[in-house]
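Student: Next up, coords_14.txt (compact mmCIF, C-alpha atoms).
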```txt
# COMPACT_ATOMS: atom_id res chain seq x y z
CA MET N 1 29.95 -119.80 -186.98
CA TYR N 2 26.48 -118.62 -186.18
CA TYR N 3 25.03 -115.56 -184.54
CA ILE N 4 22.23 -115.11 -182.05
CA ARG N 5 20.87 -112.10 -180.24
CA PRO N 6 18.94 -113.05 -177.09
CA GLN N 7 16.58 -110.48 -175.59
CA THR N 8 16.86 -111.49 -171.95
CA LEU N 9 19.60 -112.32 -169.47
CA ALA N 10 18.18 -115.79 -168.93
CA LYS N 11 18.27 -116.55 -172.65
CA ALA N 12 21.76 -115.11 -172.94
CA LEU N 13 23.04 -117.31 -170.12
CA GLU N 14 21.43 -120.36 -171.62
CA ALA N 15 23.01 -119.67 -175.01
CA GLY N 16 26.41 -118.89 -173.48
CA GLU N 17 26.54 -122.25 -171.74
CA GLU N 18 26.71 -124.10 -175.04
CA PRO N 19 30.25 -125.19 -175.82
CA GLY N 20 32.14 -122.98 -178.24
CA MET N 21 29.85 -120.00 -177.81
CA LEU N 22 31.35 -116.59 -177.11
CA TYR N 23 29.62 -113.52 -175.81
CA LEU N 24 29.83 -110.58 -178.18
CA ALA N 25 29.81 -107.11 -176.63
CA GLY N 26 30.77 -104.18 -178.88
CA GLY N 27 33.07 -106.39 -180.91
CA THR N 28 35.90 -103.91 -181.46
CA ASP N 29 38.41 -106.43 -180.12
CA LEU N 30 36.64 -109.75 -180.67
CA ILE N 31 35.80 -109.21 -184.34
CA LEU N 32 39.45 -108.48 -185.16
CA LYS N 33 40.60 -111.52 -183.18
CA LEU N 34 38.11 -113.75 -184.98
CA ARG N 35 39.24 -112.44 -188.33
CA ARG N 36 42.89 -113.01 -187.44
CA ARG N 37 41.93 -116.49 -186.21
CA GLU N 38 43.41 -115.74 -182.81
CA VAL N 39 40.06 -116.80 -181.37
CA GLN N 40 37.70 -119.46 -182.64
CA ALA N 41 34.00 -119.61 -181.96
CA ARG N 42 31.21 -121.94 -182.92
CA GLY N 43 28.82 -119.09 -182.46
CA LEU N 44 28.41 -115.60 -181.06
CA VAL N 45 25.87 -114.53 -178.47
CA ASP N 46 25.38 -110.83 -179.10
CA LEU N 47 24.35 -109.08 -175.88
CA GLN N 48 23.18 -105.80 -177.47
CA ALA N 49 19.48 -106.48 -176.90
CA VAL N 50 19.69 -107.31 -173.19
CA ALA N 51 18.43 -104.03 -171.77
CA GLU N 52 19.65 -104.60 -168.18
CA LEU N 53 23.23 -104.73 -169.39
CA ARG N 54 23.07 -101.28 -170.93
CA GLN N 55 22.09 -99.36 -167.80
CA ILE N 56 23.99 -96.96 -165.59
CA ARG N 57 22.18 -96.55 -162.29
CA ALA N 58 23.01 -94.82 -159.04
CA GLY N 59 21.08 -96.11 -156.07
CA GLY N 60 21.83 -96.20 -152.36
CA ASP N 61 25.56 -96.42 -151.91
CA TRP N 62 26.37 -97.81 -155.33
CA LEU N 63 26.86 -96.88 -158.94
CA GLU N 64 25.92 -99.81 -161.17
CA ILE N 65 27.39 -99.90 -164.66
CA GLY N 66 26.15 -102.59 -167.03
CA ALA N 67 28.67 -104.56 -169.04
CA MET N 68 27.18 -103.36 -172.34
CA VAL N 69 27.52 -99.67 -171.45
CA SER N 70 29.68 -98.16 -174.17
CA PHE N 71 32.54 -95.76 -173.52
CA ALA N 72 30.41 -93.05 -175.15
CA ASP N 73 27.40 -93.88 -172.92
CA LEU N 74 29.58 -93.48 -169.86
CA LEU N 75 30.94 -90.16 -171.09
CA ASN N 76 27.37 -88.87 -171.43
CA ASN N 77 26.43 -89.80 -167.90
CA ASP N 78 26.65 -86.99 -165.34
CA THR N 79 26.69 -89.25 -162.30
CA ALA N 80 29.59 -91.20 -163.72
CA ALA N 81 31.39 -87.95 -164.56
CA GLN N 82 31.14 -86.91 -160.92
CA GLU N 83 31.39 -90.13 -159.01
CA ALA N 84 33.74 -92.09 -161.21
CA ARG N 85 36.01 -89.37 -162.46
CA ALA N 86 38.97 -91.65 -163.19
CA LEU N 87 36.76 -93.92 -165.27
CA TRP N 88 35.22 -90.98 -167.09
CA LEU N 89 38.68 -89.68 -167.97
CA ALA N 90 39.81 -93.13 -169.07
CA CYS N 91 36.76 -93.40 -171.33
CA SER N 92 37.40 -89.98 -172.82
CA SER N 93 40.96 -90.88 -173.72
CA MET N 94 40.14 -94.26 -175.22
CA GLY N 95 40.17 -94.67 -178.96
CA ALA N 96 38.37 -92.56 -181.51
CA PRO N 97 34.72 -91.48 -181.41
CA GLN N 98 33.78 -94.44 -183.60
CA ILE N 99 35.40 -96.86 -181.16
CA ARG N 100 33.95 -95.15 -178.09
CA ASN N 101 30.48 -95.47 -179.64
CA GLN N 102 30.86 -99.20 -180.01
CA ALA N 103 33.30 -100.51 -177.42
CA THR N 104 31.89 -101.47 -174.04
CA LEU N 105 33.25 -101.51 -170.50
CA GLY N 106 32.40 -105.19 -170.17
CA GLY N 107 34.27 -105.95 -173.35
CA ASN N 108 37.27 -104.01 -172.10
CA LEU N 109 37.55 -106.33 -169.08
CA ALA N 110 36.66 -109.51 -170.97
CA ASN N 111 39.31 -108.81 -173.60
CA CYS N 112 41.69 -107.79 -170.82
CA SER N 113 44.44 -106.29 -172.91
CA PRO N 114 47.45 -105.17 -170.84
CA ALA N 115 46.64 -101.64 -172.04
CA ALA N 116 42.86 -101.78 -171.39
CA ASP N 117 42.07 -98.18 -170.54
CA SER N 118 39.21 -98.67 -168.13
CA LEU N 119 40.84 -101.19 -165.82
CA PRO N 120 43.25 -99.02 -163.79
CA ALA N 121 40.38 -96.58 -163.27
CA LEU N 122 37.95 -99.29 -162.20
CA LEU N 123 40.58 -100.66 -159.83
CA VAL N 124 41.08 -97.41 -157.94
CA LEU N 125 37.31 -96.89 -157.85
CA GLN N 126 37.06 -100.21 -155.98
CA ALA N 127 34.91 -101.78 -158.65
CA GLN N 128 33.25 -105.07 -157.95
CA VAL N 129 32.52 -107.32 -160.88
CA ARG N 130 29.09 -108.89 -161.24
CA LEU N 131 29.30 -112.37 -162.72
CA LEU N 132 26.29 -114.49 -163.61
CA SER N 133 26.18 -118.20 -164.23
CA ARG N 134 23.80 -121.08 -163.86
CA SER N 135 24.72 -121.28 -160.18
CA GLY N 136 23.66 -117.68 -159.59
CA GLU N 137 25.31 -114.33 -159.19
CA VAL N 138 28.59 -113.43 -157.53
CA LEU N 139 30.18 -110.07 -156.82
CA LEU N 140 33.95 -110.12 -156.71
CA PRO N 141 36.48 -107.31 -156.34
CA LEU N 142 37.95 -106.49 -159.74
CA ALA N 143 41.44 -106.81 -158.27
CA GLU N 144 40.65 -110.42 -157.37
CA VAL N 145 39.21 -111.21 -160.80
CA LEU N 146 42.32 -109.78 -162.46
CA GLY N 147 44.41 -112.23 -160.45
CA ARG N 148 42.73 -115.19 -162.10
CA THR N 149 43.44 -116.93 -165.40
CA PRO N 150 41.03 -117.32 -167.05
CA LEU N 151 39.23 -114.38 -165.53
CA TRP N 152 36.13 -116.56 -165.12
CA GLN N 153 34.91 -120.00 -166.07
CA PRO N 154 33.25 -120.69 -169.43
CA GLY N 155 29.51 -120.17 -169.26
CA THR N 156 29.94 -117.11 -167.05
CA LEU N 157 28.36 -113.86 -168.14
CA LEU N 158 29.93 -110.59 -167.06
CA ALA N 159 26.88 -108.51 -166.17
CA GLY N 160 28.59 -105.32 -165.04
CA PHE N 161 30.38 -103.37 -162.36
CA ARG N 162 29.40 -101.97 -158.96
CA LEU N 163 31.26 -98.96 -157.62
CA PRO N 164 30.83 -97.34 -154.20
CA LEU N 165 29.41 -93.81 -154.39
CA ARG N 166 30.91 -90.85 -152.52
CA ALA N 167 34.25 -92.62 -152.26
CA GLY N 168 36.39 -89.53 -152.76
CA VAL N 169 38.15 -87.98 -155.72
CA SER N 170 39.90 -89.79 -158.51
CA GLY N 171 41.99 -89.08 -161.58
CA PHE N 172 43.47 -90.80 -164.58
CA ALA N 173 46.11 -90.10 -167.19
CA LYS N 174 47.73 -92.06 -169.93
CA LEU N 175 50.69 -91.86 -172.17
CA GLY N 176 49.92 -92.65 -175.77
CA ARG N 177 51.87 -92.07 -178.91
CA ARG N 178 49.23 -89.64 -180.01
CA GLN N 179 45.99 -88.43 -178.50
CA ALA N 180 43.33 -90.13 -180.58
CA LEU N 181 43.34 -93.86 -181.13
CA ALA N 182 46.62 -94.42 -179.37
CA ILE N 183 46.89 -97.58 -177.38
CA ALA N 184 48.09 -96.67 -173.92
CA ARG N 185 51.82 -97.05 -173.50
CA LEU N 186 51.32 -96.50 -169.82
CA SER N 187 48.38 -95.37 -167.75
CA ALA N 188 47.85 -94.44 -164.13
CA ALA N 189 44.73 -93.95 -162.02
CA VAL N 190 44.61 -92.49 -158.54
CA ALA N 191 41.81 -92.17 -155.98
CA LEU N 192 41.78 -90.78 -152.47
CA ARG N 193 39.76 -88.92 -149.87
CA GLU N 194 40.95 -85.68 -148.41
CA GLU N 195 40.63 -85.40 -144.65
CA ASN N 196 42.01 -82.30 -142.93
CA GLY N 197 44.37 -81.71 -145.81
CA ARG N 198 45.71 -85.24 -145.70
CA ALA N 199 45.29 -88.11 -148.14
CA CYS N 200 43.25 -91.06 -146.89
CA GLY N 201 42.30 -94.31 -148.54
CA VAL N 202 44.81 -93.76 -151.32
CA ARG N 203 44.62 -96.18 -154.25
CA VAL N 204 46.94 -96.14 -157.23
CA ALA N 205 46.74 -98.44 -160.26
CA PHE N 206 48.74 -98.79 -163.42
CA GLY N 207 47.95 -100.09 -166.90
CA ALA N 208 50.20 -101.22 -169.73
CA ALA N 209 52.94 -102.03 -167.23
CA GLY N 210 52.90 -105.79 -167.27
CA LYS N 211 50.34 -108.37 -168.34
CA ARG N 212 47.38 -106.81 -166.62
CA ALA N 213 46.39 -103.62 -164.87
CA PHE N 214 47.23 -103.75 -161.16
CA LEU N 215 46.80 -101.85 -157.91
CA SER N 216 50.01 -100.88 -156.16
CA LEU N 217 49.38 -101.49 -152.48
CA ASP N 218 52.94 -100.44 -151.59
CA LEU N 219 52.55 -97.07 -153.20
CA ALA N 220 49.13 -96.55 -151.61
CA GLU N 221 50.60 -97.30 -148.19
CA GLU N 222 53.43 -94.84 -148.65
CA LEU N 223 51.03 -92.07 -149.61
CA ASN N 224 48.35 -92.69 -147.02
CA GLY N 225 48.12 -90.04 -144.35
CA LEU N 226 50.45 -87.59 -146.05
CA VAL N 227 49.65 -83.90 -146.38
CA LEU N 228 48.27 -83.14 -149.84
CA ASP N 229 50.79 -80.62 -151.03
CA ARG N 230 53.47 -80.41 -153.64
CA GLY N 231 55.58 -82.85 -151.69
CA PHE N 232 52.82 -85.43 -152.03
CA THR N 233 52.95 -85.24 -155.80
CA GLU N 234 56.74 -85.39 -155.84
CA LEU N 235 56.84 -88.42 -153.58
CA ALA N 236 54.11 -90.17 -155.59
CA CYS N 237 56.04 -89.63 -158.82
CA ARG N 238 59.33 -90.78 -157.31
CA GLN N 239 57.87 -93.90 -155.74
CA ALA N 240 55.88 -94.75 -158.88
CA LYS N 241 59.18 -95.09 -160.74
CA LYS N 242 60.18 -97.83 -158.32
CA VAL N 243 56.83 -99.60 -158.73
CA ILE N 244 57.08 -99.59 -162.51
CA SER N 245 60.70 -100.62 -162.41
CA ARG N 246 59.77 -103.64 -160.29
CA ALA N 247 56.72 -104.48 -162.43
CA LEU N 248 58.60 -104.43 -165.71
CA GLY N 249 61.89 -105.98 -164.66
CA GLU N 250 64.09 -106.52 -167.68
CA ARG N 251 61.50 -105.73 -170.34
CA ALA N 252 62.76 -103.63 -173.20
CA SER N 253 60.26 -100.88 -172.37
CA ALA N 254 61.31 -100.69 -168.70
CA PRO N 255 63.91 -97.89 -168.88
CA TYR N 256 61.46 -95.69 -170.80
CA LYS N 257 58.35 -96.41 -168.77
CA LYS N 258 60.19 -96.11 -165.47
CA GLU N 259 60.96 -92.48 -166.28
CA ALA N 260 57.68 -91.76 -168.07
CA VAL N 261 55.55 -92.92 -165.17
CA ALA N 262 56.49 -89.85 -163.13
CA GLY N 263 54.85 -87.63 -165.71
CA VAL N 264 51.81 -89.86 -166.02
CA VAL N 265 51.24 -89.93 -162.25
CA ARG N 266 51.71 -86.16 -162.04
CA GLU N 267 49.10 -85.74 -164.75
CA ALA N 268 46.72 -88.19 -163.09
CA LEU N 269 46.99 -86.23 -159.81
CA ARG N 270 46.41 -83.00 -161.66
CA THR N 271 43.17 -84.31 -163.19
CA MET N 272 41.79 -84.83 -159.68
CA GLU N 273 41.45 -81.10 -159.22
CA PHE N 274 38.72 -81.00 -161.83
CA VAL N 275 35.97 -82.65 -159.91
CA THR N 276 33.09 -80.26 -160.41
CA SER N 277 30.04 -81.62 -162.18
CA GLY N 278 29.15 -81.17 -165.80
CA GLU N 279 32.57 -79.88 -166.71
CA HIS N 280 34.21 -81.38 -169.75
CA ALA N 281 37.69 -82.73 -169.48
CA ASP N 282 38.76 -81.02 -172.65
CA VAL N 283 41.76 -79.81 -170.74
CA ASP N 284 43.11 -83.28 -171.22
CA ARG N 285 41.67 -83.96 -174.59
CA LYS N 286 43.14 -81.69 -177.14
CA GLY N 287 41.32 -83.97 -179.49
CA GLY N 288 43.32 -83.16 -182.53
CA ARG N 289 46.49 -84.67 -183.71
CA GLY N 290 49.41 -84.89 -181.41
CA ASN N 291 50.02 -83.75 -177.89
CA GLU N 292 50.74 -80.25 -176.90
CA ASP N 293 53.09 -81.22 -174.16
CA MET Y 1 21.39 -115.85 -191.90
CA LYS Y 2 18.76 -113.24 -192.72
CA ILE Y 3 19.07 -109.67 -191.63
CA GLU Y 4 16.94 -106.59 -192.11
CA LEU Y 5 18.33 -103.12 -191.90
CA LYS Y 6 17.56 -99.68 -193.16
CA VAL Y 7 20.27 -98.30 -195.42
CA ASN Y 8 19.97 -94.66 -196.40
CA GLY Y 9 16.26 -94.77 -195.59
CA VAL Y 10 15.52 -97.90 -197.62
CA ASP Y 11 14.59 -101.20 -195.94
CA ARG Y 12 16.87 -103.99 -197.03
CA ARG Y 13 16.49 -107.71 -196.43
CA LEU Y 14 19.64 -109.67 -197.00
CA GLU Y 15 20.92 -113.20 -196.69
CA VAL Y 16 24.43 -112.90 -195.23
CA GLU Y 17 27.15 -115.02 -193.70
CA PRO Y 18 27.76 -114.45 -189.97
CA GLU Y 19 31.43 -113.72 -190.68
CA GLU Y 20 30.55 -110.83 -192.97
CA ARG Y 21 31.01 -107.31 -191.72
CA LEU Y 22 28.73 -104.37 -192.26
CA LEU Y 23 31.47 -103.03 -194.54
CA ASP Y 24 31.29 -106.18 -196.68
CA ILE Y 25 27.53 -106.14 -197.09
CA LEU Y 26 27.50 -102.44 -197.95
CA ARG Y 27 30.17 -102.80 -200.59
CA GLU Y 28 29.73 -106.32 -201.96
CA ARG Y 29 26.01 -106.91 -201.61
CA LEU Y 30 24.52 -103.43 -201.86
CA HIS Y 31 27.29 -102.05 -204.09
CA LEU Y 32 27.57 -98.92 -201.99
CA THR Y 33 31.26 -98.55 -202.63
CA GLY Y 34 31.53 -95.06 -201.20
CA THR Y 35 32.37 -96.74 -197.90
CA LYS Y 36 36.07 -97.56 -198.12
CA GLU Y 37 38.15 -100.23 -196.48
CA GLY Y 38 41.43 -98.76 -195.29
CA CYS Y 39 43.15 -100.56 -192.45
CA GLY Y 40 40.38 -103.03 -191.69
CA GLU Y 41 41.08 -102.78 -187.98
CA GLY Y 42 39.44 -99.66 -186.70
CA GLU Y 43 42.39 -97.31 -186.91
CA CYS Y 44 41.79 -95.19 -189.99
CA GLY Y 45 38.06 -94.43 -190.12
CA ALA Y 46 37.79 -94.77 -193.91
CA CYS Y 47 34.90 -97.21 -193.42
CA THR Y 48 32.96 -94.87 -191.08
CA VAL Y 49 29.19 -95.03 -191.40
CA ILE Y 50 26.45 -93.67 -189.17
CA MET Y 51 24.42 -96.30 -187.33
CA ASP Y 52 21.41 -95.05 -185.36
CA GLY Y 53 22.93 -91.57 -185.29
CA LYS Y 54 26.38 -92.65 -184.10
CA THR Y 55 29.52 -93.12 -186.14
CA VAL Y 56 30.99 -96.61 -186.22
CA ASN Y 57 33.77 -98.25 -188.16
CA SER Y 58 31.88 -100.63 -190.42
CA CYS Y 59 34.93 -102.92 -190.55
CA MET Y 60 34.33 -103.71 -186.87
CA VAL Y 61 30.58 -104.31 -187.02
CA LEU Y 62 29.33 -107.76 -187.95
CA ALA Y 63 26.39 -107.97 -190.33
CA GLY Y 64 24.38 -109.59 -187.54
CA GLN Y 65 25.06 -106.70 -185.19
CA ALA Y 66 23.62 -104.30 -187.75
CA ASP Y 67 20.39 -106.30 -188.01
CA GLY Y 68 17.46 -104.04 -187.16
CA HIS Y 69 19.47 -100.83 -187.25
CA ALA Y 70 19.47 -97.78 -189.52
CA VAL Y 71 22.69 -97.09 -191.41
CA THR Y 72 23.65 -93.98 -193.33
CA THR Y 73 26.47 -94.19 -195.85
CA ILE Y 74 27.95 -91.43 -197.96
CA GLU Y 75 25.47 -92.38 -200.71
CA GLY Y 76 22.69 -91.31 -198.34
CA LEU Y 77 23.86 -87.71 -198.19
CA GLY Y 78 23.54 -85.20 -201.02
CA LYS Y 79 23.31 -85.85 -204.71
CA ARG Y 80 25.05 -84.02 -207.52
CA GLY Y 81 23.44 -80.60 -207.64
CA SER Y 82 22.02 -80.85 -204.12
CA LEU Y 83 24.98 -81.55 -201.93
CA HIS Y 84 24.83 -81.87 -198.16
CA PRO Y 85 26.29 -78.75 -196.48
CA VAL Y 86 29.29 -80.78 -195.31
CA GLN Y 87 29.99 -82.03 -198.83
CA LYS Y 88 29.63 -78.51 -200.19
CA ALA Y 89 32.00 -77.13 -197.57
CA PHE Y 90 34.60 -79.81 -198.36
CA LEU Y 91 34.56 -78.75 -201.99
CA GLU Y 92 34.66 -75.04 -201.22
CA GLU Y 93 37.56 -75.40 -198.77
CA GLY Y 94 39.53 -77.75 -201.03
CA ALA Y 95 39.45 -80.37 -198.27
CA VAL Y 96 39.66 -83.28 -200.69
CA GLN Y 97 42.81 -84.56 -202.32
CA CYS Y 98 42.89 -88.28 -203.13
CA GLY Y 99 39.42 -88.62 -201.65
CA PHE Y 100 39.80 -92.01 -200.02
CA CYS Y 101 39.20 -90.72 -196.50
CA THR Y 102 36.54 -88.24 -197.57
CA PRO Y 103 33.37 -90.34 -197.18
CA GLY Y 104 34.34 -91.21 -193.62
CA MET Y 105 35.35 -87.64 -192.86
CA VAL Y 106 32.07 -86.29 -194.19
CA LEU Y 107 30.03 -88.77 -192.16
CA SER Y 108 31.94 -88.02 -188.94
CA ALA Y 109 31.28 -84.32 -189.54
CA LYS Y 110 27.60 -84.93 -190.32
CA ALA Y 111 27.11 -86.99 -187.16
CA LEU Y 112 28.71 -84.19 -185.14
CA LEU Y 113 26.56 -81.46 -186.67
CA ASP Y 114 23.38 -83.50 -186.30
CA ARG Y 115 24.15 -83.82 -182.59
CA ASN Y 116 25.53 -80.35 -182.09
CA PRO Y 117 24.96 -77.72 -184.79
CA HIS Y 118 27.36 -75.26 -183.10
CA PRO Y 119 30.54 -77.15 -182.31
CA GLY Y 120 33.66 -75.33 -181.21
CA LYS Y 121 37.05 -75.98 -182.79
CA GLU Y 122 37.90 -78.41 -180.01
CA GLU Y 123 34.73 -80.42 -180.50
CA ILE Y 124 35.33 -80.56 -184.22
CA ALA Y 125 38.87 -81.81 -183.68
CA VAL Y 126 37.66 -84.49 -181.28
CA ALA Y 127 34.83 -85.58 -183.59
CA MET Y 128 37.21 -85.90 -186.53
CA SER Y 129 40.01 -87.57 -184.58
CA GLY Y 130 39.07 -91.09 -185.69
CA ASN Y 131 39.52 -90.34 -189.38
CA LEU Y 132 42.99 -90.34 -190.85
CA CYS Y 133 44.00 -88.43 -193.95
CA ARG Y 134 47.40 -88.92 -195.58
CA CYS Y 135 47.10 -86.05 -198.06
CA THR Y 136 45.69 -82.84 -196.71
CA GLY Y 137 47.34 -82.22 -193.38
CA TYR Y 138 43.83 -81.86 -191.90
CA ASP Y 139 43.72 -78.08 -191.85
CA ARG Y 140 41.30 -77.71 -194.71
CA ILE Y 141 39.17 -80.57 -193.50
CA LEU Y 142 38.74 -78.92 -190.11
CA LYS Y 143 38.04 -75.58 -191.78
CA ALA Y 144 35.46 -77.27 -194.00
CA VAL Y 145 33.64 -78.63 -190.95
CA GLU Y 146 33.66 -75.16 -189.39
CA ARG Y 147 32.27 -73.74 -192.61
CA ALA Y 148 29.60 -76.44 -192.75
CA ALA Y 149 28.66 -75.63 -189.15
CA GLY Y 150 28.06 -72.06 -190.30
CA GLU Y 151 25.89 -73.29 -193.16
CA VAL Y 152 23.87 -75.59 -190.96
CA GLU Y 153 23.26 -72.68 -188.63
CA GLN Y 154 21.56 -70.55 -191.27
```
Turn this file's structure into structure tokens for me.
Tutor:
Amino acid sequence: MYYIRPQTLAKALEAGEEPGMLYLAGGTDLILKLRRREVQARGLVDLQAVAELRQIRAGGDWLEIGAMVSFADLLNNDTAAQEARALWLACSSMGAPQIRNQATLGGNLANCSPAADSLPALLVLQAQVRLLSRSGEVLLPLAEVLGRTPLWQPGTLLAGFRLPLRAGVSGFAKLGRRQALAIARLSAAVALREENGRACGVRVAFGAAGKRAFLSLDLAEELNGLVLDRGFTELACRQAKKVISRALGERASAPYKKEAVAGVVREALRTMEFVTSGEHADVDRKGGRGNED
Amino acid sequence: MKIELKVNGVDRRLEVEPEERLLDILRERLHLTGTKEGCGEGECGACTVIMDGKTVNSCMVLAGQADGHAVTTIEGLGKRGSLHPVQKAFLEEGAVQCGFCTPGMVLSAKALLDRNPHPGKEEIAVAMSGNLCRCTGYDRILKAVERAAGEVEQ
């Protein structure tokens, strides 16, 4: 195996086209997989020096998040904290500080673990995925990319994500065995706009409930147009149980997750109330060992 | 492959294998054995080092990734007789039992205090959440970081 670190996107693409080459983002998943021989590579193309991939930029109607933006970078970005609340919360609940410093959003999608924390959040935030290859650049809805196996063809470079700005409020919650480090047992993200006290454009996504994170269109449809009151939360929790039950079928975890999802959705909805800028989500991050609830 | 990195303020040029991790080169090539390998998969934080001011698990950083960066290990903190405030506080609070997790704990605390000299209890708990200890029950470790924060303040 060999290692290269290109300085430009063009050089990175060129290197990634060689057979057997893998792109290396933060490495928190890939390095373990290489060591366990679950993945083989002739060489690694480390993307750390490609400056464009590390940027978070808000311009016009879009928030652009480079694939090499780390979870910690995103947490330190005020625009992201305001405009992509669900993603910000997902980043804050992912891993330990050491992992958040190193792991990237691009890597989270590329690795595509069923429990990937950022994906349900990116789904409800209507993220588009920016993919580069020799034939140029394409922007695809994340939901569409997640429907493909493999996610993209070899030689494709995931450059980042594009999220619409001013798209409403969003929230995220996850169930882990303990607060720090825990791999999500179940996660939920919600986004909506409030219009005259009613929910519009509702989007709900789940993680760690099946092979990949997914948007529940059924649940969104049932919640659209409803008055945002206590009844909304109760209905969302009740219907989420049905969604998870369908998604998990006969899996051993189904009876547990089907019940647990009500609490996770309730929590995700609760996080949407905290949408003021600059505020830390410490309400949801007790940080220490074990949950309070 | 050749890499150059700064370890505890000293420039190092090394010939390494691409499969090697930062943890391996610190321990096996530079003989800085204060950095411990616990789980080897980013769960326990025993191998924590500070790279460019941020904590990372050195078991999950390839040698190549560390090329060109500045790394601080526990050996780069205080010496006998002139301990770093965090090390001093750990001793004074009795925050060390077997000691295996201690280098990582101390470095996580140092990185926090370098970034924020006045952390609250919550921030301390979050900053230390990636370091596991099987002996102490954490209480004294967290108290030690609070004490060190007081020292740094003065």
Student: I want to know what sits within 9 Å of Ala49 (chain N), based on all atoms listed in the file, with residues of the same chain fewer than 3 positions away left out; could you give that as a PyMOL selection string?
Tutor: chain N and resi 5-8+46+52-54
Student: Please find the residues of chain Y near chain N - the criterion being any atom within 7 Å, counting only C-alpha atoms - and write them as a tab-separated table (two decimals) with C-alpha atoms, in the coordinates of the input.
Tutor:
```tsv
chain	number	residue	atom	x	y	z
Y	18	PRO	CA	27.76	-114.45	-189.97
Y	41	GLU	CA	41.08	-102.78	-187.98
Y	43	GLU	CA	42.39	-97.31	-186.91
Y	54	LYS	CA	26.38	-92.65	-184.10
Y	55	THR	CA	29.52	-93.12	-186.14
Y	56	VAL	CA	30.99	-96.61	-186.22
Y	57	ASN	CA	33.77	-98.25	-188.16
Y	60	MET	CA	34.33	-103.71	-186.87
Y	61	VAL	CA	30.58	-104.31	-187.02
Y	64	GLY	CA	24.38	-109.59	-187.54
Y	122	GLU	CA	37.90	-78.41	-180.01
Y	125	ALA	CA	38.87	-81.81	-183.68
Y	126	VAL	CA	37.66	-84.49	-181.28
Y	127	ALA	CA	34.83	-85.58	-183.59
Y	129	SER	CA	40.01	-87.57	-184.58
Y	130	GLY	CA	39.07	-91.09	-185.69
```
Student: Rounded to one decimal place, report the CA of Phe71 (chain N)-CA of Cys91 (chain N) distance in Å.
Tutor: 5.3 Å
Student: CA of Val71 (chain Y) and CA of Asp52 (chain Y), how far apart in Å?
Tutor: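 Interatomic distance here is 6.5 Å.
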Student: Give as a list of chain:residue names each residue that has an atom at most 9 Å from (33.2, -106.0, -198.7) in the file, counting only C-alpha atoms.
Tutor: Y:Glu20, Y:Arg21, Y:Leu22, Y:Leu23, Y:Asp24, Y:Ile25, Y:Leu26, Y:Arg27, Y:Glu28, Y:Arg29, Y:His31, Y:Thr33, Y:Lys36, Y:Glu37, Y:Cys59
Student: My list of candidates is N:Ile183, N:Ala254, N:Val138, N:Ala205. Which is closest to Ala115 (chain N) when distances are computed with only C-alpha atoms?
Tutor: N:Ile183
Student: Would you work out the distance separating CA of Leu5 (chain Y) from CA of Leu30 (chain Y), expressed in Å to one decimal?
Tutor: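 Taking CA of Leu5 (chain Y) as the start and CA of Leu30 (chain Y) as the end point, the length is 11.7 Å.
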Student: What lies within 12 Å of region 6-12 of chain Y using all atoms listed in the file, ignoring chain neighbours under 4 positions off, as a PyMOL selection string?
Tutor: chain Y and resi 2+16+22+25-26+29-32+49-53+66-78
Student: Contacts of Ala220 (chain N) at 7 Å or less, counting only C-alpha atoms, minus same-chain residues fewer than 6 places along, as a short mmCIF file (atom, residue, chain, number, x, y, z; two decimals) with C-alpha atoms, in the frame of the given file?
Tutor:
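Done, and the output landed in out30.cif:
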```
data_model
loop_
_atom_site.label_atom_id
_atom_site.label_comp_id
_atom_site.auth_asym_id
_atom_site.auth_seq_id
_atom_site.Cartn_x
_atom_site.Cartn_y
_atom_site.Cartn_z
CA VAL N 202 44.81 -93.76 -151.32
CA ARG N 203 44.62 -96.18 -154.25
CA VAL N 204 46.94 -96.14 -157.23
#
```
Student: Name the residues in contact with Ala127 (chain N) at a cut-off of 7 Å, using all atoms listed in the file, excluding same-chain residues fewer than 5 positions from it; report them as a VMD selection string.
Tutor: chain N and resid 122 141 to 142 161 to 163
Student: Taking (26.9, -116.6, -167.7) in the file's coordinates as the center, which residues reach within 6 Å of it, counting all atoms listed in the file, put as JSON, numbers by chain?
Tutor: {"N": [13, 132, 133, 155, 156, 157]}
Student: Residues as selected, C-alpha atoms, written as a PDB file, in the frame of the given file, can you do that?
Tutor:
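Okay, this is what ended up in part.pdb:
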```pdb
ATOM      1  CA  LEU N  13      23.040-117.310-170.120  1.00  0.00           C
ATOM      2  CA  LEU N 132      26.290-114.490-163.610  1.00  0.00           C
ATOM      3  CA  SER N 133      26.180-118.200-164.230  1.00  0.00           C
ATOM      4  CA  GLY N 155      29.510-120.170-169.260  1.00  0.00           C
ATOM      5  CA  THR N 156      29.940-117.110-167.050  1.00  0.00           C
ATOM      6  CA  LEU N 157      28.360-113.860-168.140  1.00  0.00           C
TER       7      LEU N 157
END
```
Student: Which residue gives the smallest distance to Ala262 (chain N) among N:Leu217, N:Ala173, N:Met21, N:Leu125, with all atoms listed in the file counted?
Tutor: N:Ala173
Student: For Lys143 (chain Y), list every protein, DNA or RNA residue within 12 Å, evaluated using all atoms listed in the file, and leave out those in the same chain fewer than 4 positions away; present the list as a list in words.
Tutor: Val86, Ala89, Phe90, Leu91, Glu92, Glu93, Gly94, Ala95, Val96, Ala109, Gly120, Lys121, Ile124, Ala125, Met128, Thr136, Gly137, Tyr138, Asp139, Arg147, Ala148, Ala149 and Gly150 of chain Y
Student: With distances taken over all atoms listed in the file, which residue among Y:Gly38, Y:Gln87, Y:Glu19, Y:Ile3 lies nearest Ala41 (chain N)?
Tutor: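 Among the listed residues, Y:Glu19 lies closest to Ala41 (chain N).
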